[in-house]
Amino acid sequence: MSTQTTAHIAAGQPEQPEQPEQPEQPERRDPLDVQLDALVADLRLDEKVSLVVGASMWATTPVERIGLDRVLMTDGPVGVRDPEARDSSAMLPAPSALSATWDVVLARRVGALFAAEARRHDVDMVLAPQVNLQRTPVGGRHFECYSEDPHLTAEIAVALVVAAQQRGVGMCVKHYVANDSETDRTRYLARVDERTLREAYLAPFERLVRAGAWSVMGAYSGIDGGGATAPALEHRPLLTGVLKDEWGFDGLVVSDWVATGSVAAAVRGGLDLQMPGPDGPWGDGLLAAVHADVVAESELDDKVRRLLRLAHRVGRLRLPDDGTTAGTRVDTPRTAEDSSALLRELVARSTVVLKDDAGLVPFAAAPLRVALLGAHAVEPFFQGGGSSFVVPDRLSYPADALRETLLAGSVVDVVAGSRVLRNPPELDLTRCTDPVTGEPGLRVELLDADGRVRRARTRTSWDGWAHDVGPHDVTLRLRARVRLDEPGTHELGVGTVGVHRVTVDGRLVSAGDVVAREDVILASGHNHPIAATTLVEGAVEGAVEGVLLEADLQVVHPVGYDRFVRGLLVHRLPGPSADDELAVAAAAASAADVAVVVVGTTHEVESEGFDRTGLALPGNQDELVRRVLAANPRTVVVVNAGAPVVLPWYDDAPAVLWGWLPGQEAGTALADVLTGATEPSGRLPWTLPAREADVPVPHAVPADGVVDYAEGLDVGYRAWERPGAPAPAAPFGHGLGWTTWEYEGATLTGAPEGARQDVELRVTVRNTGPRPGREVVQVYVEPGAEVAAADPARPVRWLGGFAVADAAPGETVTATVRVPARALETWDVAAGAWTTPPGAYRLRAGRSVRDLRLDVELVRRTEI
C-alpha cells in the first residue's frame, strides 16, 4: 500500500520591525567559570603542566591544596574495565548490537549501566562511545562502532552518553575524526573533502557535543581535510575551529593513548590532556617549552580550566559553597543479577532475523532433540580484541542455557565440528616439569643485559603474560619438559613479539631480532601473536620424558606503558581429522529434530590494531554449514560476529540469525530467542554483502600513506543504493522479527512555517501476524529530480529518522518519527555554512532502505 501527501515550507520568517537600541548590559558570567578562573590564576606553572599530562596510565594529577582529586579513566566500550585489574566487569555486547536495536530508550538504560559500572570501579570517565562510521566492513574496530549511518550512530550514542552523564560519569567520545582503519593507524593520513567530513564523519560528534558530551578523544591518524593537513591532535581547524569555537565544546580533548607526537603543535592544535603520563612529549618537554618561550603559559590556561571543569562535573573538584553545584555523583546500586537481566534482554532484542523461510524460530512448544553445532556453539566469541576487552562477571554458554530453557524431555547434543583458529590451544602445564628442579610446572627466569639469571621460579599456571618485570630485566626465559604421552603428531610452540629464540630439543623453531616497542601495543599484535610451532611425534621410544621446550623472549618497555613479556604457549594433540569432525557434526544434525549451527569470527579476525584481509568465515565453517544443511533441512544458522561476513550458503539456509559479539549473556539470550521468551527485534545497522567483490570500500590499506575517502558521501548503504550497484544479501535496516506488518498511512505533522525546523512523520502500522511484535519504522529522505540533478554528489537516499512501535496481533499503532532539519541540509563549502537547496524531497517510510512502503512529499521553495 502507498499513500502520498504534500507539505510546503515557507521561505523564511516574516520580517520583524526594527527595535529601539537597548543599553549594553554587563556580561553575566557563570559562577562556576568565575571560580575556575580563580583556581587557574592560583596555580603555579609546574602545577598547570602537571594537570595537562596524565599522572599514570589512567589517572590525572591531583592538587590537594585547591580541592582537586585525581580523575580516573578506563576503557570501554563493551564494559567498564577495572583500571586496577582487580575486579571483573559486566561485559556488554559489541556496540553494533546496541545500535541494531534502533531503540534509544534501551540505549539510555545501557548508559545508566555504564554509570553504575563506573561507580563500582571508582571510575570517573569511560573512554566510550566510539562513533566513527563503519566505512568499510574490513575495519578492525568495526564491531566497536555503532553503524555505517551517521544519524543512527548519533541517536544511539547521544541517548547513552546523556544517561551516563546525568549520573555524574563522564563519557569520552572517540576517535575525532575520520579514524576508520587500523592498518598503519598511527601514520596514515585520511584524505576527506570538507563536505563529506561535515555531512558524514563529523555529524555524530557534532550531535554529541551539542547534547553536552564532556570529553572527546583525538585520533592517532592524520587528516587532510577541514582546511588543513595535520595529525589529528595538531589539527587546529578541526580541534579548535570546529569543535571548540563553532560547536561551543566546553569539555576536555584527550589524546588517544601515546598518540601525542609534539609539544607546541599539539598545544596550539587544541589538545588539552596528554595520556598517559607522566612521560611522553608533554611530560618530558612541555615545561621546558614554556620556559623557552616556545609555548606561552597563557596557552595552558584554557586546557587547565577544561580539566578542572571535567573534574567538577564528575565530583572530583571541591569548591567553596557559593551557589555552584558539584558534579552529580549518583551512586546507583546495581547487582550482578540486575546487569545480567538487562544484558540478556539487550542481546536478545539486538538479534537480527535475516531470514526464516520455514518458520523455525521460535521452536515449537514440545520436547525436542537439538543438535548444537560449531566451534562457536562450544566456545562463543564473546567480545572483540583490543582495548575494549573486559574480564566478565560471568559467561553463559548456549548448551547450558538451552538445557535450562527447553521443555522437559528435550536433549541437546553439542558437537564442535569446525576448526576456526590458526593457533593451537594453550599448553596444559600439568604436562610440564621444570627441567632444573624436576618440579611440576614451567621454569621462568629473568635475565639481565649480560645474560645473567636475576630471578627464577617454577610456575604451575601461566596465562601467557609476565608483568612482574623490573627495569634491569631484559630477557625472560621459559623452560619446560613437555610430556607427550599420546601416539601421533603433536604441534608445539610459542607465540611472542619482539626479539626471541624458541627451540624444541635444541632444534630452532623461531627466532627474531626486531625490538618491540610501543608500536606493538598500538598494533595489538601482543594480544594475539601468531605462534611459531613445530610438529613432534608423541609416545615414541626414547622420549618418555617428553621434549624440552625453551624460549628466550624480549622484555618490552613501551613508552607510557608498563613493562611486559608475551609468551603464548600452545599445543595441539593428535586427534581426528577435520573431515572426521565434520562427519560427526552432520550425523548429529541428521538425528536431531532441529539443528542449530553457530558460526562466526574470532579474536584473530576482529580486533583493534589490525584490519581484516577478507570477509570469509575463518576455518572450515562454511563447509560445516553445507554438510549440516544436507543432513537436516530444519537448520537454524546463528552468526556470532560483529562485522559483516560473506555467507555463501545464505540462499540455501532456511533460517539465519545475526547474533553479534554478544558479551556475557551469549547463551541465555540465544536460548530466549530460540525458545520464544524474547523477540529478536534487531535491524541491521550496516549492509550485509552477498559477495566480497561487491563491497564499495573493500579494504582499509593506505596507499602511499593515504586513506582516500574517494566515495565521498556514499558511505555504507548509500553506495549500495546507487543505480547499477549489486544487490546485497541483506540491506541496511533489514530484520524480520516474529511477525508481519502492514504500513497503512503516513501524515506529515508540525510542518514548520519557518526555516530549519524539524518535521514529524506519523506512520500508522498494523501487526498482521500471529504474535506480539516490535517494528522499527524507518524514514528515508530522497531528493526530488530537480534537487538531485543540481547536486549529483548527494546520495540517492539516506536515513532521516526512525521510531520503535510495539503492537499485539491485529493491533494498529502510530509511530511518530522525527526528521531533523539537518536531514535536508548540505554543507556549502564556499559559504562555510549549512543550506537547504530548494525543491521537492520525498520522505519514505518502510522496513529497511530497500523495503519502502509509504511516501510523503515535502517542498522547499527557496534556498535558506
# chains A, B, ... in the order shown; residues from 1 in each chain; ligands from 1

call {"tool": "residues_around", "arguments": {"residues": "Tyr717 (chain A)", "least_positions_apart": "4", "cutoff": "8 Å", "atoms": "only C-alpha atoms", "output": "PyMOL selection string"}}
result
chain A and resi 148+686-687+721+731-732

call {"tool": "residues_around", "arguments": {"residues": "region 58-74 of chain A", "least_positions_apart": "4", "cutoff": "7 Å", "atoms": "only C-alpha atoms", "output": "PyMOL selection string"}}
result
chain A and resi 50-51+54+80-81+83+123-127+276+311+316-319

call {"tool": "write_last_selection", "arguments": {"atoms": "C-alpha atoms", "output": "short mmCIF file (atom, residue, chain, number, x, y, z; two decimals), in the first residue's frame"}}
result
data_model
loop_
_atom_site.label_atom_id
_atom_site.label_comp_id
_atom_site.auth_asym_id
_atom_site.auth_seq_id
_atom_site.Cartn_x
_atom_site.Cartn_y
_atom_site.Cartn_z
CA SER A 50 51.18 18.50 35.59
CA LEU A 51 47.42 18.87 35.09
CA GLY A 54 48.46 12.16 32.83
CA VAL A 80 33.87 -0.56 32.26
CA ARG A 81 37.17 -2.34 32.76
CA PRO A 83 41.69 0.12 35.77
CA VAL A 123 35.94 5.37 37.62
CA ASP A 124 35.10 8.95 36.69
CA MET A 125 35.27 8.80 32.89
CA VAL A 126 34.75 5.95 30.44
CA LEU A 127 36.59 6.06 27.11
CA PRO A 276 49.10 8.50 29.56
CA ALA A 311 36.76 17.21 37.48
CA ARG A 316 36.45 15.37 41.83
CA LEU A 317 36.81 19.12 42.44
CA ARG A 318 35.61 20.55 45.74
CA LEU A 319 34.67 24.22 45.54
#

call {"tool": "residues_around", "arguments": {"residues": "Asp672 (chain A)", "least_positions_apart": "4", "cutoff": "9 Å", "atoms": "only C-alpha atoms", "output": "JSON, numbers by chain"}}
result
{"A": [344, 345, 348, 362, 401, 402, 405, 667, 668, 676, 677, 678, 679, 680]}

call {"tool": "residues_around", "arguments": {"residues": "region 788-800 of chain A", "least_positions_apart": "6", "cutoff": "6 Å", "atoms": "only C-alpha atoms", "output": "number ranges by chain"}}
result
A: 779-782, 819, 823

call {"tool": "atom_distance", "arguments": {"atom1": "CA of Pro380 (chain A)", "atom2": "CA of Thr601 (chain A)"}}
result
9.5 Å

call {"tool": "select_by_dssp", "arguments": {"residues": "region 750-853 of chain A", "states": "strand (DSSP E)", "output": "ChimeraX atom specification"}}
result
/A:759-767,773-783,798-807,812-819,826-828,833-835,839-848,851-853

call {"tool": "residues_around", "arguments": {"residues": "Val173 (chain A)", "least_positions_apart": "5", "cutoff": "6 Å", "atoms": "only C-alpha atoms", "output": "list of chain:residue names"}}
result
A:Ala128, A:Pro129, A:Val216, A:Met217

call {"tool": "select_by_dssp", "arguments": {"residues": "region 68-256 of chain A", "states": "alpha helix (DSSP H)", "output": "CSV table (one decimal) with all heavy atoms, in the first residue's frame"}}
result
chain,number,residue,atom,x,y,z
A,95,PRO,N,29.1,-2.8,20.6
A,95,PRO,CA,28.2,-1.6,20.4
A,95,PRO,C,27.3,-1.7,19.1
A,95,PRO,O,26.2,-1.2,19.1
A,95,PRO,CB,29.2,-0.5,20.2
A,95,PRO,CG,30.4,-0.9,21.1
A,95,PRO,CD,30.5,-2.4,20.9
A,96,SER,N,27.8,-2.4,18.1
A,96,SER,CA,26.9,-2.6,16.9
A,96,SER,C,25.6,-3.3,17.3
A,96,SER,O,24.6,-3.1,16.7
A,96,SER,CB,27.7,-3.4,15.9
A,96,SER,OG,28.8,-2.7,15.4
A,97,ALA,N,25.7,-4.2,18.3
A,97,ALA,CA,24.5,-4.9,18.7
A,97,ALA,C,23.5,-3.9,19.4
A,97,ALA,O,22.2,-4.0,19.1
A,97,ALA,CB,24.8,-6.0,19.7
A,98,LEU,N,24.0,-2.9,20.2
A,98,LEU,CA,23.1,-1.9,20.7
A,98,LEU,C,22.4,-1.1,19.6
A,98,LEU,O,21.2,-0.8,19.6
A,98,LEU,CB,23.9,-1.0,21.7
A,98,LEU,CG,23.1,0.2,22.3
A,98,LEU,CD1,21.9,-0.3,23.0
A,98,LEU,CD2,24.0,1.0,23.1
A,99,SER,N,23.2,-0.7,18.6
A,99,SER,CA,22.7,0.0,17.5
A,99,SER,C,21.7,-0.8,16.8
A,99,SER,O,20.7,-0.2,16.2
A,99,SER,CB,23.8,0.5,16.6
A,99,SER,OG,23.4,1.5,15.7
A,100,ALA,N,21.8,-2.1,16.7
A,100,ALA,CA,20.9,-2.9,16.0
A,100,ALA,C,19.5,-3.0,16.6
A,100,ALA,O,18.6,-3.4,16.0
A,100,ALA,CB,21.5,-4.4,15.9
A,104,VAL,N,16.3,4.0,21.4
A,104,VAL,CA,17.0,5.0,22.2
A,104,VAL,C,16.7,4.8,23.7
A,104,VAL,O,17.5,5.1,24.6
A,104,VAL,CB,16.7,6.4,21.7
A,104,VAL,CG1,17.3,6.6,20.3
A,104,VAL,CG2,15.2,6.7,21.8
A,105,VAL,N,15.5,4.3,24.0
A,105,VAL,CA,15.2,4.0,25.4
A,105,VAL,C,16.1,2.9,26.0
A,105,VAL,O,16.6,3.1,27.1
A,105,VAL,CB,13.7,3.6,25.5
A,105,VAL,CG1,13.4,3.2,27.0
A,105,VAL,CG2,12.8,4.7,25.1
A,106,LEU,N,16.3,1.9,25.2
A,106,LEU,CA,17.2,0.8,25.7
A,106,LEU,C,18.6,1.4,25.8
A,106,LEU,O,19.4,1.0,26.7
A,106,LEU,CB,17.2,-0.3,24.7
A,106,LEU,CG,17.9,-1.6,25.1
A,106,LEU,CD1,17.4,-2.1,26.5
A,106,LEU,CD2,17.6,-2.7,24.1
A,107,ALA,N,19.0,2.3,24.9
A,107,ALA,CA,20.3,2.9,24.9
A,107,ALA,C,20.5,3.7,26.2
A,107,ALA,O,21.6,3.8,26.8
A,107,ALA,CB,20.6,3.8,23.7
A,108,ARG,N,19.4,4.4,26.6
A,108,ARG,CA,19.5,5.1,27.9
A,108,ARG,C,19.7,4.2,29.1
A,108,ARG,O,20.5,4.5,30.0
A,108,ARG,CB,18.2,5.9,28.1
A,108,ARG,CG,18.0,7.1,27.2
A,108,ARG,CD,16.8,8.0,27.6
A,108,ARG,NE,16.4,8.8,26.4
A,108,ARG,CZ,15.3,8.6,25.8
A,108,ARG,NH1,14.4,7.6,26.1
A,108,ARG,NH2,15.0,9.4,24.8
A,109,ARG,N,19.1,3.1,29.0
A,109,ARG,CA,19.3,2.1,30.1
A,109,ARG,C,20.7,1.6,30.1
A,109,ARG,O,21.3,1.3,31.2
A,109,ARG,CB,18.3,0.9,29.9
A,109,ARG,CG,16.8,1.4,30.1
A,109,ARG,CD,15.9,0.3,29.7
A,109,ARG,NE,16.1,-1.0,30.5
A,109,ARG,CZ,15.6,-2.2,30.2
A,109,ARG,NH1,14.9,-2.3,29.0
A,109,ARG,NH2,15.8,-3.2,30.9
A,110,VAL,N,21.3,1.4,28.9
A,110,VAL,CA,22.7,1.0,28.9
A,110,VAL,C,23.6,2.1,29.4
A,110,VAL,O,24.6,1.8,30.0
A,110,VAL,CB,23.1,0.6,27.4
A,110,VAL,CG1,24.5,0.3,27.3
A,110,VAL,CG2,22.2,-0.7,27.0
A,111,GLY,N,23.3,3.3,29.1
A,111,GLY,CA,24.0,4.5,29.7
A,111,GLY,C,24.0,4.4,31.2
A,111,GLY,O,25.0,4.7,31.8
A,112,ALA,N,22.9,4.1,31.8
A,112,ALA,CA,22.8,4.0,33.2
A,112,ALA,C,23.6,2.9,33.7
A,112,ALA,O,24.2,3.0,34.8
A,112,ALA,CB,21.3,3.9,33.6
A,113,LEU,N,23.7,1.8,33.0
A,113,LEU,CA,24.5,0.7,33.4
A,113,LEU,C,26.0,1.1,33.3
A,113,LEU,O,26.8,0.7,34.2
A,113,LEU,CB,24.3,-0.5,32.5
A,113,LEU,CG,25.2,-1.7,32.6
A,113,LEU,CD1,25.1,-2.3,34.1
A,113,LEU,CD2,24.9,-2.8,31.6
A,114,PHE,N,26.4,1.8,32.3
A,114,PHE,CA,27.8,2.3,32.3
A,114,PHE,C,28.1,3.1,33.5
A,114,PHE,O,29.2,3.0,34.1
A,114,PHE,CB,28.0,3.2,31.0
A,114,PHE,CG,28.6,2.4,29.9
A,114,PHE,CD1,27.8,2.1,28.8
A,114,PHE,CD2,29.9,2.0,29.8
A,114,PHE,CE1,28.3,1.4,27.7
A,114,PHE,CE2,30.4,1.3,28.8
A,114,PHE,CZ,29.6,1.0,27.7
A,115,ALA,N,27.2,4.0,33.9
A,115,ALA,CA,27.4,4.8,35.1
A,115,ALA,C,27.5,4.0,36.3
A,115,ALA,O,28.4,4.2,37.2
A,115,ALA,CB,26.3,5.8,35.2
A,116,ALA,N,26.6,3.0,36.5
A,116,ALA,CA,26.7,2.1,37.7
A,116,ALA,C,28.0,1.3,37.7
A,116,ALA,O,28.6,1.2,38.8
A,116,ALA,CB,25.5,1.2,37.7
A,117,GLU,N,28.4,0.8,36.6
A,117,GLU,CA,29.7,0.1,36.5
A,117,GLU,C,30.9,1.0,36.8
A,117,GLU,O,31.8,0.6,37.4
A,117,GLU,CB,29.8,-0.6,35.1
A,117,GLU,CG,28.9,-1.8,34.9
A,117,GLU,CD,29.5,-3.0,35.7
A,117,GLU,OE1,30.5,-3.5,35.3
A,117,GLU,OE2,28.8,-3.4,36.7
A,118,ALA,N,30.8,2.2,36.3
A,118,ALA,CA,31.9,3.1,36.6
A,118,ALA,C,32.0,3.4,38.1
A,118,ALA,O,33.1,3.4,38.7
A,118,ALA,CB,31.7,4.5,35.8
A,119,ARG,N,30.9,3.6,38.7
A,119,ARG,CA,30.9,3.9,40.2
A,119,ARG,C,31.4,2.6,40.9
A,119,ARG,O,32.2,2.7,41.9
A,119,ARG,CB,29.5,4.2,40.7
A,119,ARG,CG,29.1,5.6,40.2
A,119,ARG,CD,29.9,6.7,40.9
A,119,ARG,NE,29.7,8.0,40.3
A,119,ARG,CZ,30.6,8.7,39.7
A,119,ARG,NH1,31.8,8.3,39.6
A,119,ARG,NH2,30.3,9.9,39.3
A,120,ARG,N,31.1,1.5,40.4
A,120,ARG,CA,31.5,0.2,41.1
A,120,ARG,C,33.0,0.1,41.1
A,120,ARG,O,33.6,-0.4,42.0
A,120,ARG,CB,30.9,-1.0,40.3
A,120,ARG,CG,31.4,-2.3,40.6
A,120,ARG,CD,30.8,-3.4,39.7
A,120,ARG,NE,31.5,-4.6,39.7
A,120,ARG,CZ,31.3,-5.6,38.8
A,120,ARG,NH1,30.3,-5.4,37.9
A,120,ARG,NH2,32.0,-6.7,38.8
A,150,PRO,N,25.5,8.0,9.9
A,150,PRO,CA,25.7,9.0,11.0
A,150,PRO,C,24.5,9.3,11.9
A,150,PRO,O,24.7,9.5,13.1
A,150,PRO,CB,26.2,10.2,10.2
A,150,PRO,CG,25.7,10.0,8.8
A,150,PRO,CD,25.7,8.5,8.6
A,151,HIS,N,23.3,9.2,11.3
A,151,HIS,CA,22.2,9.6,12.1
A,151,HIS,C,21.9,8.5,13.1
A,151,HIS,O,21.6,8.8,14.3
A,151,HIS,CB,20.9,9.8,11.2
A,151,HIS,CG,19.7,10.2,12.0
A,151,HIS,ND1,19.6,11.4,12.7
A,151,HIS,CD2,18.6,9.5,12.3
A,151,HIS,CE1,18.4,11.5,13.3
A,151,HIS,NE2,17.8,10.3,13.0
A,152,LEU,N,21.9,7.2,12.7
A,152,LEU,CA,21.6,6.1,13.7
A,152,LEU,C,22.7,6.1,14.7
A,152,LEU,O,22.5,5.9,15.9
A,152,LEU,CB,21.6,4.8,12.9
A,152,LEU,CG,21.4,3.5,13.8
A,152,LEU,CD1,20.2,3.6,14.6
A,152,LEU,CD2,21.4,2.3,12.9
A,153,THR,N,24.0,6.3,14.3
A,153,THR,CA,25.1,6.4,15.3
A,153,THR,C,24.8,7.5,16.3
A,153,THR,O,25.0,7.2,17.5
A,153,THR,CB,26.4,6.7,14.5
A,153,THR,OG1,26.7,5.6,13.6
A,153,THR,CG2,27.6,6.9,15.5
A,154,ALA,N,24.5,8.6,15.9
A,154,ALA,CA,24.3,9.8,16.8
A,154,ALA,C,23.1,9.5,17.7
A,154,ALA,O,23.2,9.8,18.9
A,154,ALA,CB,24.1,11.1,16.0
A,155,GLU,N,22.0,9.0,17.2
A,155,GLU,CA,20.8,8.8,18.1
A,155,GLU,C,21.1,7.9,19.2
A,155,GLU,O,20.7,8.1,20.4
A,155,GLU,CB,19.6,8.3,17.2
A,155,GLU,CG,19.0,9.3,16.3
A,155,GLU,CD,18.2,10.4,17.0
A,155,GLU,OE1,17.2,10.0,17.6
A,155,GLU,OE2,18.7,11.6,17.1
A,156,ILE,N,21.7,6.8,18.9
A,156,ILE,CA,22.0,5.8,20.0
A,156,ILE,C,23.1,6.3,20.9
A,156,ILE,O,23.0,6.2,22.1
A,156,ILE,CB,22.5,4.5,19.3
A,156,ILE,CG1,21.4,3.9,18.4
A,156,ILE,CG2,22.8,3.5,20.4
A,156,ILE,CD1,20.1,3.6,19.1
A,157,ALA,N,24.1,6.9,20.4
A,157,ALA,CA,25.2,7.4,21.2
A,157,ALA,C,24.8,8.5,22.1
A,157,ALA,O,25.2,8.6,23.3
A,157,ALA,CB,26.4,7.8,20.3
A,158,VAL,N,24.0,9.5,21.6
A,158,VAL,CA,23.5,10.6,22.4
A,158,VAL,C,22.7,10.0,23.6
A,158,VAL,O,22.9,10.5,24.8
A,158,VAL,CB,22.7,11.6,21.6
A,158,VAL,CG1,21.9,12.5,22.5
A,158,VAL,CG2,23.6,12.4,20.7
A,159,ALA,N,21.8,9.1,23.4
A,159,ALA,CA,21.0,8.5,24.4
A,159,ALA,C,21.9,7.9,25.5
A,159,ALA,O,21.6,8.1,26.7
A,159,ALA,CB,20.0,7.5,23.9
A,160,LEU,N,22.9,7.2,25.1
A,160,LEU,CA,23.8,6.5,26.1
A,160,LEU,C,24.6,7.6,26.9
A,160,LEU,O,24.7,7.5,28.1
A,160,LEU,CB,24.7,5.6,25.3
A,160,LEU,CG,25.6,4.7,26.1
A,160,LEU,CD1,25.9,3.4,25.5
A,160,LEU,CD2,27.0,5.4,26.4
A,161,VAL,N,25.2,8.5,26.2
A,161,VAL,CA,26.1,9.5,26.8
A,161,VAL,C,25.3,10.4,27.8
A,161,VAL,O,25.7,10.6,28.9
A,161,VAL,CB,26.8,10.3,25.8
A,161,VAL,CG1,27.5,11.5,26.4
A,161,VAL,CG2,27.8,9.5,25.0
A,162,VAL,N,24.1,10.9,27.4
A,162,VAL,CA,23.3,11.7,28.3
A,162,VAL,C,22.9,11.0,29.5
A,162,VAL,O,23.0,11.5,30.6
A,162,VAL,CB,22.1,12.3,27.5
A,162,VAL,CG1,21.1,12.9,28.5
A,162,VAL,CG2,22.6,13.2,26.4
A,163,ALA,N,22.5,9.7,29.4
A,163,ALA,CA,22.1,8.9,30.5
A,163,ALA,C,23.2,8.7,31.5
A,163,ALA,O,23.0,8.8,32.7
A,163,ALA,CB,21.5,7.6,30.1
A,164,ALA,N,24.4,8.4,31.0
A,164,ALA,CA,25.6,8.2,31.9
A,164,ALA,C,26.0,9.5,32.6
A,164,ALA,O,26.2,9.5,33.8
A,164,ALA,CB,26.7,7.6,31.1
A,165,GLN,N,26.0,10.6,31.8
A,165,GLN,CA,26.5,11.9,32.4
A,165,GLN,C,25.4,12.5,33.4
A,165,GLN,O,25.8,13.2,34.3
A,165,GLN,CB,26.8,12.8,31.3
A,165,GLN,CG,28.1,12.4,30.5
A,165,GLN,CD,28.6,13.4,29.5
A,165,GLN,OE1,29.7,13.2,28.9
A,165,GLN,NE2,27.8,14.4,29.2
A,194,GLU,N,35.9,18.4,2.5
A,194,GLU,CA,35.2,19.2,3.6
A,194,GLU,C,33.7,18.8,3.7
A,194,GLU,O,33.2,18.7,4.8
A,194,GLU,CB,35.4,20.7,3.5
A,194,GLU,CG,34.8,21.5,4.7
A,194,GLU,CD,35.1,22.9,4.5
A,194,GLU,OE1,36.0,23.3,3.7
A,194,GLU,OE2,34.5,23.7,5.2
A,195,ARG,N,33.0,18.7,2.6
A,195,ARG,CA,31.6,18.5,2.7
A,195,ARG,C,31.3,17.1,3.3
A,195,ARG,O,30.5,16.9,4.1
A,195,ARG,CB,31.0,18.6,1.3
A,195,ARG,CG,29.5,18.2,1.2
A,195,ARG,CD,28.9,18.4,-0.1
A,195,ARG,NE,27.5,17.9,-0.1
A,195,ARG,CZ,26.8,17.8,-1.2
A,195,ARG,NH1,27.3,18.1,-2.4
A,195,ARG,NH2,25.5,17.4,-1.1
A,196,THR,N,32.1,16.1,2.8
A,196,THR,CA,32.0,14.7,3.4
A,196,THR,C,32.2,14.7,4.9
A,196,THR,O,31.5,14.0,5.6
A,196,THR,CB,32.9,13.7,2.6
A,196,THR,OG1,32.5,13.7,1.2
A,196,THR,CG2,32.8,12.4,3.2
A,203,ALA,N,29.4,14.4,11.7
A,203,ALA,CA,28.0,14.6,12.2
A,203,ALA,C,27.7,13.9,13.5
A,203,ALA,O,27.1,14.6,14.4
A,203,ALA,CB,27.1,14.0,11.1
A,204,PRO,N,28.1,12.7,13.8
A,204,PRO,CA,27.9,12.2,15.2
A,204,PRO,C,28.6,13.0,16.3
A,204,PRO,O,28.0,13.1,17.4
A,204,PRO,CB,28.4,10.7,15.1
A,204,PRO,CG,28.4,10.4,13.6
A,204,PRO,CD,28.8,11.7,13.0
A,205,PHE,N,29.8,13.4,16.0
A,205,PHE,CA,30.5,14.2,17.0
A,205,PHE,C,29.7,15.5,17.3
A,205,PHE,O,29.6,15.9,18.4
A,205,PHE,CB,31.9,14.5,16.5
A,205,PHE,CG,32.8,13.3,16.5
A,205,PHE,CD1,33.0,12.6,15.4
A,205,PHE,CD2,33.5,12.9,17.7
A,205,PHE,CE1,33.8,11.5,15.3
A,205,PHE,CE2,34.3,11.8,17.7
A,205,PHE,CZ,34.5,11.1,16.5
A,206,GLU,N,29.3,16.2,16.3
A,206,GLU,CA,28.5,17.4,16.5
A,206,GLU,C,27.3,17.2,17.3
A,206,GLU,O,27.0,17.9,18.2
A,206,GLU,CB,28.1,18.0,15.1
A,206,GLU,CG,27.4,19.3,15.3
A,206,GLU,CD,27.0,20.0,14.0
A,206,GLU,OE1,27.2,19.4,12.9
A,206,GLU,OE2,26.4,21.1,14.0
A,207,ARG,N,26.6,16.1,17.0
A,207,ARG,CA,25.3,15.8,17.8
A,207,ARG,C,25.7,15.6,19.2
A,207,ARG,O,25.0,16.1,20.1
A,207,ARG,CB,24.6,14.6,17.2
A,207,ARG,CG,23.9,14.9,15.9
A,207,ARG,CD,22.6,15.6,16.1
A,207,ARG,NE,21.8,14.8,17.0
A,207,ARG,CZ,21.1,13.7,16.8
A,207,ARG,NH1,21.2,13.2,15.5
A,207,ARG,NH2,20.4,13.1,17.7
A,208,LEU,N,26.7,14.9,19.5
A,208,LEU,CA,27.1,14.6,20.9
A,208,LEU,C,27.6,15.8,21.6
A,208,LEU,O,27.3,16.0,22.8
A,208,LEU,CB,28.2,13.5,20.9
A,208,LEU,CG,27.6,12.1,20.7
A,208,LEU,CD1,28.6,11.1,20.0
A,208,LEU,CD2,27.1,11.5,22.0
A,209,VAL,N,28.4,16.6,20.9
A,209,VAL,CA,28.8,17.9,21.6
A,209,VAL,C,27.6,18.8,21.9
A,209,VAL,O,27.6,19.3,23.0
A,209,VAL,CB,29.8,18.6,20.7
A,209,VAL,CG1,30.1,20.0,21.1
A,209,VAL,CG2,31.2,17.8,20.6
A,210,ARG,N,26.7,18.9,21.0
A,210,ARG,CA,25.6,19.8,21.2
A,210,ARG,C,24.6,19.2,22.3
A,210,ARG,O,23.9,19.9,22.9
A,210,ARG,CB,24.8,20.0,19.9
A,210,ARG,CG,25.7,20.8,18.9
A,210,ARG,CD,24.9,21.4,17.8
A,210,ARG,NE,25.7,22.0,16.7
A,210,ARG,CZ,26.3,23.2,16.8
A,210,ARG,NH1,26.1,23.9,17.9
A,210,ARG,NH2,27.0,23.7,15.8
A,236,ARG,N,44.4,22.2,14.1
A,236,ARG,CA,43.7,23.4,14.7
A,236,ARG,C,42.3,23.7,14.1
A,236,ARG,O,41.4,24.0,14.8
A,236,ARG,CB,44.6,24.6,14.7
A,236,ARG,CG,44.0,25.8,15.5
A,236,ARG,CD,45.0,26.9,15.6
A,236,ARG,NE,44.3,28.0,16.3
A,236,ARG,CZ,44.1,28.1,17.6
A,236,ARG,NH1,44.6,27.2,18.4
A,236,ARG,NH2,43.5,29.2,18.2

call {"tool": "residues_around", "arguments": {"residues": "Ala641 (chain A)", "least_positions_apart": "4", "cutoff": "8 Å", "atoms": "only C-alpha atoms", "output": "list of chain:residue names"}}
result
A:Phe381, A:Gly600, A:Thr601, A:Thr602, A:Val645, A:Trp658, A:Gly659, A:Trp660, A:Leu661

call {"tool": "closest_residue", "arguments": {"among": "A:Val52, A:Glu491, A:Glu182, A:Ser215", "to": "Val263 (chain A)", "atoms": "only C-alpha atoms"}}
result
A:Val52

call {"tool": "closest_residue", "arguments": {"among": "A:Thr229, A:Glu379, A:Asp357, A:Arg167", "to": "Arg313 (chain A)", "atoms": "only C-alpha atoms"}}
result
A:Arg167

call {"tool": "atom_distance", "arguments": {"atom1": "CA of Ala671 (chain A)", "atom2": "CA of Pro398 (chain A)"}}
result
6.8 Å

call {"tool": "residues_around", "arguments": {"residues": "Ser298 (chain A)", "least_positions_apart": "4", "cutoff": "12 Å", "atoms": "only C-alpha atoms", "output": "PyMOL selection string"}}
result
chain A and resi 40-41+43-45+48-49+267-268+290+293-294+302-305
